[in-house]
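Asks: Coordinates in data.txt, compact mmCIF, C-alpha atoms, are listed below.
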```
# COMPACT_ATOMS: atom_id res chain seq x y z
CA MET A 1 -12.10 -2.38 -37.32
CA GLU A 2 -13.54 -2.05 -40.83
CA LEU A 3 -11.26 0.94 -41.43
CA PHE A 4 -8.26 -1.18 -40.44
CA LYS A 5 -9.25 -3.95 -42.87
CA TYR A 6 -9.82 -1.50 -45.70
CA PHE A 7 -6.46 0.17 -45.34
CA ILE A 8 -4.61 -3.11 -44.97
CA VAL A 9 -6.04 -4.16 -48.36
CA LEU A 10 -5.36 -0.72 -49.87
CA MET A 11 -1.76 -0.73 -48.66
CA PHE A 12 -1.19 -4.24 -49.99
CA LEU A 13 -2.43 -3.13 -53.38
CA CYS A 14 -0.28 -0.03 -53.05
CA GLY A 15 2.78 -2.18 -52.62
CA ILE A 16 1.93 -4.15 -55.76
CA HIS A 17 1.28 -0.96 -57.72
CA LEU A 18 4.53 0.69 -56.73
CA ASN A 19 7.02 -2.11 -56.45
CA GLY A 20 8.66 -0.87 -59.63
CA PHE A 21 9.88 2.26 -57.86
CA ALA A 22 13.52 2.10 -56.81
CA GLN A 23 14.14 1.98 -53.09
CA ILE A 24 16.11 4.90 -51.73
CA THR A 25 19.53 4.06 -50.38
CA ARG A 26 21.64 5.24 -47.48
CA ALA A 27 24.16 6.65 -49.97
CA ALA A 28 21.48 8.69 -51.74
CA ILE A 29 20.35 10.19 -48.44
CA LEU A 30 23.85 11.06 -47.28
CA GLU A 31 24.76 12.53 -50.66
CA ASN A 32 22.98 15.64 -49.39
CA ILE A 33 23.60 15.67 -45.64
CA ALA A 34 20.89 18.31 -45.12
CA GLN A 35 18.30 15.63 -45.91
CA THR A 36 19.07 13.97 -42.58
CA GLY A 37 17.25 16.95 -41.07
CA GLY A 38 14.01 15.19 -42.07
CA VAL A 39 11.11 17.60 -41.56
CA TYR A 40 13.72 20.34 -41.01
CA TYR A 41 15.00 19.93 -44.57
CA ALA A 42 14.80 23.38 -46.16
CA TYR A 43 12.66 23.57 -49.30
CA PRO A 44 14.94 22.32 -52.10
CA VAL A 45 12.97 23.33 -55.21
CA LYS A 46 14.05 26.34 -57.27
CA GLU A 47 12.22 25.56 -60.50
CA ALA A 48 8.76 24.11 -61.12
CA ILE A 49 8.06 21.36 -63.65
CA VAL A 50 5.46 22.42 -66.22
CA THR A 51 4.31 20.04 -68.94
CA PRO A 52 2.26 21.87 -71.60
CA ALA A 53 -1.44 21.04 -71.41
CA PRO A 54 -3.16 19.27 -74.32
CA LYS A 55 -4.00 21.58 -77.21
CA GLY A 56 -6.73 24.08 -76.42
CA TYR A 57 -6.72 23.59 -72.63
CA LYS A 58 -6.04 26.60 -70.41
CA PRO A 59 -5.51 26.70 -66.62
CA PHE A 60 -8.33 28.35 -64.67
CA TYR A 61 -8.13 27.05 -61.08
CA ILE A 62 -5.47 25.97 -58.59
CA SER A 63 -6.19 24.08 -55.38
CA HIS A 64 -3.27 24.25 -52.98
CA TYR A 65 -2.18 23.10 -49.53
CA ALA A 66 1.24 24.04 -48.16
CA ARG A 67 3.27 23.56 -45.06
CA HIS A 68 4.63 26.71 -43.44
CA GLY A 69 8.11 27.75 -44.51
CA SER A 70 11.41 27.34 -42.69
CA ARG A 71 11.28 28.02 -38.96
CA TRP A 72 13.33 28.04 -35.81
CA ILE A 73 13.10 24.95 -33.58
CA GLN A 74 9.70 24.62 -31.91
CA SER A 75 10.80 25.76 -28.45
CA GLU A 76 13.55 28.23 -27.63
CA GLN A 77 14.25 26.13 -24.54
CA ASP A 78 15.66 23.47 -26.88
CA TYR A 79 18.44 25.92 -27.71
CA LYS A 80 18.89 27.26 -24.16
CA THR A 81 19.29 23.80 -22.65
CA VAL A 82 22.24 23.04 -24.92
CA VAL A 83 23.75 26.51 -24.47
CA ASP A 84 23.65 26.13 -20.69
CA ILE A 85 25.32 22.70 -20.80
CA PHE A 86 28.29 24.08 -22.71
CA GLU A 87 28.57 27.23 -20.62
CA LYS A 88 28.58 25.23 -17.40
CA ALA A 89 31.24 22.86 -18.74
CA HIS A 90 33.32 25.83 -19.90
CA ARG A 91 33.29 27.29 -16.38
CA ALA A 92 34.38 23.91 -15.05
CA GLY A 93 37.21 23.65 -17.60
CA ALA A 94 35.70 20.42 -18.91
CA LEU A 95 35.52 21.18 -22.66
CA THR A 96 37.85 19.94 -25.38
CA ALA A 97 39.00 22.36 -28.07
CA LEU A 98 36.13 21.16 -30.25
CA GLY A 99 33.71 21.51 -27.36
CA ASN A 100 34.79 25.10 -26.80
CA ASP A 101 34.36 25.83 -30.50
CA VAL A 102 30.83 24.37 -30.36
CA ARG A 103 30.16 26.54 -27.29
CA LYS A 104 31.07 29.65 -29.28
CA ARG A 105 28.90 28.57 -32.20
CA MET A 106 26.01 27.95 -29.82
CA ALA A 107 26.34 31.50 -28.51
CA ILE A 108 25.81 32.81 -32.04
CA VAL A 109 22.85 30.49 -32.52
CA TRP A 110 21.27 31.55 -29.22
CA GLU A 111 21.64 35.25 -30.03
CA ASP A 112 19.65 34.60 -33.21
CA ALA A 113 17.09 32.14 -31.76
CA GLU A 114 16.21 33.73 -28.42
CA GLY A 115 12.53 34.64 -28.40
CA HIS A 116 11.92 32.91 -31.75
CA GLY A 117 10.82 29.39 -30.78
CA GLY A 118 8.69 28.00 -33.63
CA ASP A 119 8.67 31.27 -35.58
CA LEU A 120 8.92 31.61 -39.35
CA THR A 121 12.41 32.64 -40.46
CA SER A 122 13.28 35.06 -43.25
CA LEU A 123 14.08 32.03 -45.41
CA GLY A 124 10.56 30.73 -44.77
CA VAL A 125 9.14 34.00 -46.05
CA LYS A 126 11.38 33.83 -49.12
CA GLN A 127 10.33 30.25 -49.89
CA HIS A 128 6.64 31.08 -50.06
CA ARG A 129 7.23 34.25 -52.05
CA GLU A 130 9.19 32.29 -54.63
CA ILE A 131 6.64 29.47 -54.84
CA ALA A 132 3.89 32.07 -55.36
CA GLU A 133 5.90 33.78 -58.09
CA ARG A 134 6.52 30.54 -59.96
CA MET A 135 2.84 29.66 -59.69
CA PHE A 136 1.89 33.07 -61.11
CA GLN A 137 4.40 32.84 -63.95
CA ASN A 138 3.54 29.27 -64.93
CA TYR A 139 -0.25 29.68 -64.82
CA PRO A 140 -0.88 33.37 -65.60
CA GLU A 141 -4.42 32.70 -66.83
CA VAL A 142 -5.45 31.79 -63.29
CA PHE A 143 -4.39 35.21 -61.99
CA LYS A 144 -5.47 37.51 -64.81
CA GLY A 145 -7.99 40.27 -64.24
CA THR A 146 -9.58 40.75 -60.82
CA PRO A 147 -10.39 37.24 -59.63
CA ALA A 148 -11.65 36.58 -56.10
CA MET A 149 -9.46 34.03 -54.30
CA SER A 150 -9.47 32.31 -50.92
CA ALA A 151 -6.45 31.97 -48.63
CA ARG A 152 -6.74 30.22 -45.26
CA SER A 153 -4.17 29.17 -42.71
CA THR A 154 -4.18 27.43 -39.38
CA THR A 155 -4.15 29.75 -36.38
CA VAL A 156 -0.44 29.19 -35.76
CA LEU A 157 1.52 32.36 -36.47
CA ARG A 158 4.14 30.81 -38.73
CA CYS A 159 1.36 29.54 -40.99
CA VAL A 160 -0.37 32.93 -41.01
CA LEU A 161 2.89 34.63 -41.97
CA SER A 162 3.53 32.02 -44.67
CA MET A 163 0.09 32.79 -46.10
CA ASP A 164 0.81 36.52 -46.01
CA ALA A 165 4.16 36.09 -47.74
CA PHE A 166 2.55 34.01 -50.49
CA CYS A 167 -0.40 36.34 -51.00
CA GLU A 168 1.69 39.51 -50.87
CA ARG A 169 3.87 38.24 -53.70
CA LEU A 170 0.80 37.46 -55.80
CA LYS A 171 -0.56 40.92 -55.07
CA GLU A 172 2.73 42.49 -56.12
CA LEU A 173 2.49 40.67 -59.44
CA ASN A 174 -1.17 41.63 -59.93
CA PRO A 175 -2.43 44.31 -57.50
CA ALA A 176 -5.98 43.76 -58.76
CA LEU A 177 -6.22 40.31 -57.19
CA ARG A 178 -8.85 40.00 -54.47
CA ILE A 179 -7.53 37.50 -51.93
CA LYS A 180 -9.55 36.98 -48.77
CA ARG A 181 -7.18 35.83 -46.02
CA GLU A 182 -8.49 33.98 -42.98
CA ALA A 183 -6.93 32.25 -39.97
CA CYS A 184 -9.57 31.16 -37.48
CA ALA A 185 -10.90 28.19 -35.55
CA LYS A 186 -13.83 27.88 -37.96
CA TYR A 187 -11.73 26.06 -40.56
CA MET A 188 -9.56 23.92 -38.29
CA LYS A 189 -11.96 21.01 -38.75
CA TYR A 190 -10.23 20.42 -42.07
CA MET A 191 -7.16 22.69 -42.09
CA ASN A 192 -5.49 20.96 -39.13
CA TYR A 193 -7.63 18.03 -38.08
CA HIS A 194 -6.67 14.83 -36.30
CA THR A 195 -9.28 12.23 -35.47
CA PRO A 196 -9.74 11.11 -31.84
CA GLU A 197 -8.47 7.69 -32.91
CA ALA A 198 -5.30 9.28 -34.32
CA VAL A 199 -4.69 11.30 -31.16
CA GLU A 200 -5.09 8.19 -29.02
CA PHE A 201 -2.84 6.12 -31.28
CA VAL A 202 0.18 8.45 -31.09
CA SER A 203 0.29 8.42 -27.29
CA HIS A 204 2.98 6.43 -25.52
CA GLN A 205 0.29 3.88 -24.73
CA GLY A 206 -0.16 3.17 -28.45
CA ILE A 207 0.68 -0.26 -29.84
CA TRP A 208 3.59 1.21 -31.80
CA TYR A 209 5.47 2.91 -28.98
CA GLU A 210 7.49 0.18 -27.28
CA GLU A 211 9.02 -1.05 -30.52
CA TYR A 212 9.79 2.55 -31.47
CA ARG A 213 11.37 3.21 -28.07
CA LYS A 214 13.71 0.28 -28.53
CA PHE A 215 14.51 1.39 -32.09
CA LYS A 216 15.41 4.87 -30.84
CA GLU A 217 17.57 3.43 -28.07
CA ASN A 218 19.36 1.12 -30.52
CA HIS A 219 20.03 3.95 -32.97
CA THR A 220 21.32 6.52 -30.49
CA HIS A 221 25.09 6.12 -30.00
CA PRO A 222 26.39 9.26 -28.27
CA ASP A 223 29.68 8.14 -26.69
CA ARG A 224 32.05 9.16 -29.51
CA LEU A 225 30.37 12.56 -29.93
CA ILE A 226 30.28 13.34 -26.22
CA THR A 227 33.91 12.40 -25.57
CA SER A 228 34.94 14.61 -28.50
CA LEU A 229 33.30 17.59 -26.77
CA PHE A 230 34.07 17.05 -23.06
CA SER A 231 37.54 16.41 -21.68
CA SER A 232 36.64 14.76 -18.39
CA SER A 233 34.95 11.39 -18.07
CA ASP A 234 34.14 12.23 -14.46
CA TYR A 235 32.42 15.43 -15.55
CA ILE A 236 30.43 13.53 -18.18
CA ARG A 237 29.35 10.92 -15.63
CA ARG A 238 28.18 13.53 -13.12
CA ASN A 239 26.73 16.21 -15.37
CA ILE A 240 25.88 15.02 -18.89
CA ASN A 241 23.04 12.89 -20.25
CA PRO A 242 24.82 11.78 -23.44
CA GLY A 243 21.73 10.66 -25.35
CA GLU A 244 19.72 13.78 -24.59
CA LEU A 245 22.59 16.09 -25.51
CA MET A 246 23.21 14.24 -28.76
CA TRP A 247 19.58 14.68 -29.71
CA GLY A 248 19.63 18.33 -28.72
CA LEU A 249 22.64 18.94 -30.94
CA TYR A 250 21.06 16.95 -33.78
CA TRP A 251 17.96 19.15 -33.82
CA ILE A 252 20.01 22.33 -33.76
CA ALA A 253 22.32 21.02 -36.49
CA SER A 254 19.31 20.08 -38.61
CA ASP A 255 17.71 23.50 -38.27
CA MET A 256 20.75 25.57 -39.24
CA GLN A 257 19.76 25.25 -42.90
CA ASN A 258 16.60 27.22 -42.09
CA VAL A 259 18.08 30.27 -40.38
CA GLU A 260 20.89 31.50 -42.67
CA ILE A 261 23.31 32.69 -39.97
CA GLY A 262 26.39 30.95 -41.33
CA VAL A 263 26.71 28.41 -38.50
CA ASP A 264 27.01 24.68 -39.09
CA PHE A 265 27.29 21.65 -36.79
CA TYR A 266 27.44 18.75 -39.21
CA ASP A 267 31.22 18.55 -38.74
CA ILE A 268 30.81 17.26 -35.18
CA PHE A 269 28.77 14.23 -36.34
CA GLU A 270 29.80 11.16 -38.27
CA GLU A 271 27.61 10.11 -41.19
CA ASP A 272 26.46 6.93 -39.45
CA GLU A 273 25.34 8.95 -36.43
CA LEU A 274 23.28 11.36 -38.51
CA PHE A 275 21.80 8.55 -40.56
CA ASP A 276 20.77 6.65 -37.43
CA LEU A 277 19.20 9.69 -35.76
CA TRP A 278 17.35 10.57 -38.95
CA GLN A 279 16.00 7.02 -39.18
CA VAL A 280 14.45 7.44 -35.72
CA CYS A 281 12.71 10.66 -36.78
CA ASN A 282 11.60 9.13 -40.07
CA TYR A 283 10.18 6.14 -38.16
CA HIS A 284 8.13 8.46 -35.95
CA ASN A 285 6.72 10.47 -38.87
CA TYR A 286 5.94 7.35 -40.90
CA VAL A 287 4.07 5.63 -38.07
CA CYS A 288 2.46 8.65 -36.37
CA ASP A 289 1.46 10.66 -39.46
CA GLY A 290 1.87 8.50 -42.52
CA PRO A 291 0.86 5.26 -44.25
CA ALA A 292 2.73 2.75 -42.06
CA PRO A 293 0.71 -0.49 -41.90
CA ILE A 294 0.96 -0.64 -38.09
CA ASN A 295 -1.43 2.31 -37.73
CA GLY A 296 -4.08 0.59 -39.84
CA GLY A 297 -4.92 3.73 -41.83
CA ILE A 298 -5.89 5.76 -38.76
CA MET A 299 -3.43 8.55 -39.48
CA VAL A 300 -4.30 8.87 -43.16
CA ALA A 301 -7.99 9.09 -42.25
CA SER A 302 -7.28 12.39 -40.49
CA ALA A 303 -7.00 13.97 -43.96
CA LYS A 304 -10.56 12.96 -44.90
CA SER A 305 -12.12 16.35 -44.13
CA LEU A 306 -9.31 18.13 -45.98
CA LEU A 307 -9.80 16.01 -49.10
CA GLU A 308 -13.54 16.64 -48.91
CA ASN A 309 -12.86 20.38 -48.84
CA ILE A 310 -10.50 20.05 -51.82
CA LEU A 311 -13.13 18.21 -53.85
CA ASP A 312 -15.99 20.51 -52.85
CA SER A 313 -13.94 23.65 -53.50
CA ALA A 314 -12.99 22.35 -56.94
CA ASP A 315 -16.62 21.70 -57.80
CA GLU A 316 -17.51 25.25 -56.75
CA ALA A 317 -14.70 26.72 -58.84
CA ILE A 318 -15.72 24.72 -61.90
CA LYS A 319 -19.34 25.81 -61.58
CA SER A 320 -18.36 29.46 -61.15
CA GLU A 321 -16.82 29.47 -64.64
CA THR A 322 -14.24 32.01 -63.45
CA ASN A 323 -10.52 31.84 -62.82
CA THR A 324 -9.63 31.50 -59.14
CA ALA A 325 -7.47 29.71 -56.56
CA THR A 326 -7.89 28.14 -53.13
CA LEU A 327 -4.77 28.55 -51.02
CA ARG A 328 -4.27 26.71 -47.71
CA PHE A 329 -1.38 26.82 -45.22
CA GLY A 330 -0.76 24.29 -42.46
CA HIS A 331 1.74 21.82 -41.06
CA ASP A 332 3.77 18.71 -41.81
CA GLY A 333 1.25 16.68 -39.80
CA ASN A 334 -1.38 17.67 -42.38
CA ILE A 335 0.74 17.27 -45.52
CA ILE A 336 1.89 13.74 -44.65
CA PRO A 337 -1.58 12.12 -44.35
CA LEU A 338 -2.91 14.12 -47.31
CA VAL A 339 -0.09 12.91 -49.57
CA ALA A 340 -0.86 9.33 -48.53
CA LEU A 341 -4.63 9.73 -48.95
CA LEU A 342 -4.19 11.26 -52.41
CA GLN A 343 -1.72 8.44 -53.16
CA LEU A 344 0.80 10.77 -54.76
CA GLY A 345 3.76 9.29 -56.61
CA ASP A 346 5.70 6.78 -54.52
CA MET A 347 5.04 8.55 -51.22
CA TRP A 348 2.39 6.15 -49.95
CA ARG A 349 4.51 3.00 -50.03
CA THR A 350 4.29 0.58 -47.14
CA GLU A 351 6.84 -1.35 -45.13
CA THR A 352 6.49 -3.38 -41.95
CA GLU A 353 10.15 -3.75 -40.95
CA PRO A 354 11.45 -0.70 -39.02
CA ASP A 355 14.99 -1.09 -40.37
CA LYS A 356 13.54 -0.79 -43.88
CA PHE A 357 11.13 2.09 -43.30
CA TYR A 358 13.54 4.56 -44.88
CA GLN A 359 13.75 2.45 -48.04
CA ALA A 360 10.02 2.85 -48.59
CA TRP A 361 9.29 6.32 -47.21
CA CYS A 362 11.32 9.45 -46.43
CA ASN A 363 10.03 12.41 -44.45
CA PHE A 364 12.34 14.88 -46.20
CA LYS A 365 10.82 13.91 -49.55
CA VAL A 366 7.21 14.16 -48.37
CA THR A 367 7.34 17.29 -46.23
CA PRO A 368 10.38 19.54 -46.29
CA MET A 369 9.81 23.06 -45.03
CA ALA A 370 7.26 24.80 -47.31
CA ALA A 371 6.20 21.49 -48.87
CA ASN A 372 3.13 21.98 -51.04
CA ILE A 373 0.50 20.13 -53.01
CA GLN A 374 -0.98 21.83 -56.05
CA MET A 375 -3.82 20.60 -58.21
CA VAL A 376 -3.98 22.65 -61.41
CA PHE A 377 -7.24 22.57 -63.37
CA PHE A 378 -7.62 23.21 -67.11
CA ARG A 379 -10.62 23.67 -69.38
CA LYS A 380 -11.20 23.94 -73.13
CA LYS A 381 -13.63 26.15 -74.95
CA ALA A 382 -16.78 24.42 -76.19
CA SER A 383 -16.00 21.38 -74.05
CA ASP A 384 -17.17 20.24 -70.63
CA ASP A 385 -14.08 18.09 -70.11
CA ILE A 386 -12.07 19.43 -67.18
CA ILE A 387 -8.58 18.04 -66.73
CA VAL A 388 -6.24 18.30 -63.74
CA LYS A 389 -2.66 17.54 -62.85
CA PHE A 390 -1.12 16.91 -59.44
CA MET A 391 2.07 18.52 -58.22
CA HIS A 392 4.05 17.87 -55.07
CA CYS A 393 6.69 20.46 -54.24
CA GLU A 394 6.16 21.83 -57.75
CA LYS A 395 7.01 18.51 -59.42
CA GLU A 396 4.35 16.65 -61.39
CA VAL A 397 3.35 13.37 -59.74
CA ALA A 398 1.20 10.42 -60.71
CA VAL A 399 -1.90 9.10 -58.96
CA PRO A 400 -3.33 5.59 -59.41
CA ILE A 401 -6.10 6.68 -61.79
CA GLU A 402 -6.23 5.66 -65.45
CA THR A 403 -5.54 8.41 -67.95
CA ASP A 404 -4.83 8.84 -71.64
CA ILE A 405 -3.16 12.25 -71.18
CA THR A 406 -0.38 11.74 -68.61
CA PRO A 407 0.50 13.72 -66.47
CA PHE A 408 -3.04 15.09 -66.74
CA TYR A 409 -6.23 13.34 -65.59
CA HIS A 410 -9.88 13.81 -66.47
CA TRP A 411 -11.54 15.47 -63.49
CA LYS A 412 -14.62 13.29 -63.75
CA ASP A 413 -12.42 10.21 -63.20
CA VAL A 414 -10.46 11.87 -60.40
CA GLU A 415 -13.55 12.97 -58.51
CA ILE A 416 -15.22 9.57 -58.78
CA TYR A 417 -12.06 7.87 -57.53
CA TYR A 418 -11.62 10.07 -54.48
CA ARG A 419 -15.34 10.29 -53.62
CA ASN A 420 -15.46 6.50 -53.60
CA LEU A 421 -12.31 6.41 -51.49
CA LEU A 422 -13.87 8.78 -48.96
CA LYS A 423 -16.96 6.58 -48.66
CA LYS A 424 -14.79 3.82 -47.29
CA LEU A 425 -13.53 6.05 -44.48
CA PRO A 426 -15.49 6.63 -41.24
```
Could you render the structure as structure tokens?
Replies:
Amino acid sequence: MELFKYFIVLMFLCGIHLNGFAQITRAAILENIAQTGGVYYAYPVKEAIVTPAPKGYKPFYISHYARHGSRWIQSEQDYKTVVDIFEKAHRAGALTALGNDVRKRMAIVWEDAEGHGGDLTSLGVKQHREIAERMFQNYPEVFKGTPAMSARSTTVLRCVLSMDAFCERLKELNPALRIKREACAKYMKYMNYHTPEAVEFVSHQGIWYEEYRKFKENHTHPDRLITSLFSSSDYIRRNINPGELMWGLYWIASDMQNVEIGVDFYDIFEEDELFDLWQVCNYHNYVCDGPAPINGGIMVASAKSLLENILDSADEAIKSETNTATLRFGHDGNIIPLVALLQLGDMWRTETEPDKFYQAWCNFKVTPMAANIQMVFFRKKASDDIIVKFMHCEKEVAVPIETDITPFYHWKDVEIYYRNLLKKLP
């Protein structure tokens, strides 16, 4: 209960601190329709932001946590179910011209996706290679010589392959780098951890679920879409679950930006339909992973062990007086609570009204495919003052810590702030 009280106060203060940030609008979201893919939004960054450090300061350490790159949908059955629905309707002569066109597109998708449920795509590999290259080019001092570096991923294959893509690109740029790569259960206690309280909360018995269920029901309007695809109302009544098929098509449409096979499904949806479906997904991520007040801080607390590792690893790197990096690769369910716990930019805003969740918080901003957090550390000769800057998806972001060198912060102030924050967590 004390955790709940603490986070309620913290989130209230958060709202005061950030009420100057403009709320995102429906128009801004729909301006780039791919954003309605939410956590399936392909990594949008092609250039990193790099503000020159204060005079005399040189980068020597990078602490990093990234989501895996672009992937196929989690289960190949999610594709096969939709494929089978269209093939059955085709045999029954129950498809419209548009429905038959979608059937043909789905055949192309299935040929590509079969056997690949949840796997990293070639685009996902490319994303991490490019992020690694930009990191190397922007902070060459960190990678000079023969430094020993740590790279760890969760035990999920797409994360392991993301780590390999990232590290291989670094090794191509400097073959002398010594990067120890690990993917084992030993580090899951911080690499991909969810507290028992968090696991219990997200179940359908959680206090959030019934309101969410109604929200999903009220934002799922499949009739127009389904009648555009199937020519017989009798066939629809006897064979089609409109809501389930709409959601199946939404997930496939959202993921097409991650597979690069030249197939698109956004033409079969209206903007309002995509916006409504995305709101449902955003709701779920906000409540079940993020800083929504209804979860009382339970979800954010799952990132405690990860933040502890970040702080401890930074202290070790500073004491070593060498250049190095700590690279970590995990999932959206790890990035979301870590962003909120670090209080990065405007991505820890709070809202209690479900219809306004999207105005305060957007999943595609917080954790697109290959989303990453980088903390870049700098030191100056003949000085013990270490400074650090925070980057989210390679863009510099602010944290609520006083500084006289924006966008940089004095490490002593940063560490005190976060150590004190951790003390308030269970």
Asks: Suppose you want the space between atom CA of Glu271 of chain A and atom CA of Gly38 of chain A; what is it in Å?
Replies: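 Atom CA of Glu271 of chain A sits 14.5 Å away from atom CA of Gly38 of chain A.
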Asks: Against segment 235-256 of chain A, which residues of segment 88-145 of chain A fall within 10 Å? For each one I want the closest pair of atoms and the distance in Å (one decimal), counting only C-alpha atoms, rows by chain and increasing residue number, as a Markdown table.
Replies:
```
| residue | atom | partner | partner_atom | distance |
| --- | --- | --- | --- | --- |
| A:Lys88 | CA | A:Asn239 | CA | 9.4 |
| A:Ala89 | CA | A:Tyr235 | CA | 8.2 |
| A:Ala92 | CA | A:Tyr235 | CA | 8.7 |
| A:Gly93 | CA | A:Tyr235 | CA | 9.7 |
| A:Ala94 | CA | A:Tyr235 | CA | 6.9 |
| A:Leu95 | CA | A:Tyr235 | CA | 9.7 |
| A:Val102 | CA | A:Leu249 | CA | 9.8 |
| A:Met106 | CA | A:Ile252 | CA | 9.1 |
| A:Val109 | CA | A:Met256 | CA | 8.6 |
```
Asks: Under the rule of at most 12 Å, produce a per-residue listing of segment 126-167 of chain A near segment 42-53 of chain A: chain, number, name, the closest pair of atoms, and the distance in Å, as a Markdown table, using all atoms listed in the file.
Replies:
```
| residue | atom | partner | partner_atom | distance |
| --- | --- | --- | --- | --- |
| A:Lys126 | CA | A:Tyr43 | CA | 10.3 |
| A:Gln127 | CA | A:Tyr43 | CA | 7.1 |
| A:His128 | CA | A:Tyr43 | CA | 9.7 |
| A:Arg129 | CA | A:Lys46 | CA | 11.7 |
| A:Glu130 | CA | A:Lys46 | CA | 8.1 |
| A:Ile131 | CA | A:Lys46 | CA | 8.4 |
| A:Ala132 | CA | A:Ala48 | CA | 11.0 |
| A:Glu133 | CA | A:Ala48 | CA | 10.5 |
| A:Arg134 | CA | A:Ala48 | CA | 6.9 |
| A:Met135 | CA | A:Ala48 | CA | 8.2 |
| A:Phe136 | CA | A:Ala48 | CA | 11.3 |
| A:Gln137 | CA | A:Ala48 | CA | 10.2 |
| A:Asn138 | CA | A:Val50 | CA | 7.2 |
| A:Tyr139 | CA | A:Val50 | CA | 9.3 |
```
Asks: Would you mind reading off the distance between atom CA of Lys365 of chain A and atom CA of Glu351 of chain A, one decimal, in Å?
Replies: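 Going from atom CA of Lys365 of chain A over to atom CA of Glu351 of chain A covers 16.4 Å.
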Asks: Which one is closest to Asn192 of chain A: A:Ile310, A:Leu274, A:Val376, A:Val156? Count all atoms listed in the file.
Replies: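 Using all atoms listed in the file, Asn192 of chain A sits closest to A:Val156.
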Asks: Nearest to Tyr187 of chain A among A:Arg169, A:Arg328, A:Arg379, A:His116, with distances taken over only C-alpha atoms: which residue is it?
Replies: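 Smallest distance to Tyr187 of chain A is found for A:Arg328.
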Asks: Restricting the calculation to all atoms listed in the file: of A:Arg419, A:Arg213, A:Lys412, A:Lys189, which residue gets closest to Ser302 of chain A?
Replies: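 Using all atoms listed in the file, Ser302 of chain A sits closest to A:Lys189.
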Asks: Near Asn363 of chain A, counting only C-alpha atoms, which residues have an atom at most 8 Å away, once you skip same-chain residues fewer than 3 positions from it, shown as a list in words?
Replies: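 The neighbour list is Gly38, Val39, Asn282, Asn285, Tyr286, Val366, Thr367 and Pro368 of chain A.
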Asks: Out of A:Ala34, A:Ala183, A:Val300, A:Ala317, which residue has the shortest atom-to-atom distance to Leu425 of chain A when counting all atoms listed in the file?
Replies: A:Val300
Asks: A:Tyr283, A:Phe390, A:Trp348, A:Tyr79: which is nearest Glu211 of chain A, counting all atoms listed in the file?
Replies: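 Looking only at the distances to Glu211 of chain A, the closest residue turns out to be A:Tyr283.
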Asks: Quick one: pull the distance between atom CA of Ala340 of chain A and atom CA of Asp164 of chain A, Å, one decimal.
Replies: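 Separation of atom CA of Ala340 of chain A and atom CA of Asp164 of chain A: 27.4 Å.
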Asks: From the list A:Leu173, A:Leu277, A:Met188, A:Ala370, which residue is nearest Pro222 of chain A when using only C-alpha atoms?
Replies: A:Leu277
Asks: So that I can check the surroundings of Pro291 of chain A, please list as JSON, numbers by chain every protein, DNA and RNA residue that reaches within 12 Å of it, counting all atoms listed in the file and ignoring chain neighbours fewer than 2 positions away.
Replies: {"A": [4, 7, 8, 10, 11, 12, 14, 15, 283, 284, 285, 286, 287, 288, 289, 293, 294, 295, 296, 297, 298, 299, 300, 301, 302, 303, 336, 337, 338, 339, 340, 341, 342, 343, 344, 346, 347, 348, 349, 350, 351, 352, 357, 360, 361, 362, 363, 366]}
Asks: Would you mind listing what lies within 8 Å of Arg67 of chain A as a compact mmCIF listing (two decimals) with C-alpha atoms, in the coordinates of the input, with all atoms listed in the file counted and same-chain residues fewer than 2 positions away left out?
Replies:
```
# COMPACT_ATOMS: atom_id res chain seq x y z
CA TYR A 65 -2.18 23.10 -49.53
CA GLY A 69 8.11 27.75 -44.51
CA CYS A 159 1.36 29.54 -40.99
CA PHE A 329 -1.38 26.82 -45.22
CA GLY A 330 -0.76 24.29 -42.46
CA HIS A 331 1.74 21.82 -41.06
CA ASP A 332 3.77 18.71 -41.81
CA ASN A 334 -1.38 17.67 -42.38
CA ILE A 335 0.74 17.27 -45.52
CA THR A 367 7.34 17.29 -46.23
CA MET A 369 9.81 23.06 -45.03
CA ALA A 370 7.26 24.80 -47.31
CA ALA A 371 6.20 21.49 -48.87
CA ASN A 372 3.13 21.98 -51.04
```
Asks: Please determine an axis-aligned box that encloses all atoms of segment 41-57 of chain A listed in the file, with 3 Å added on each side, and express its centre and edge lengths in Å to one decimal as AutoDock Vina command-line options.
Replies:
```
--center_x 4.1 --center_y 22.8 --center_z -60.9 --size_x 27.7 --size_y 13.1 --size_z 38.6
```
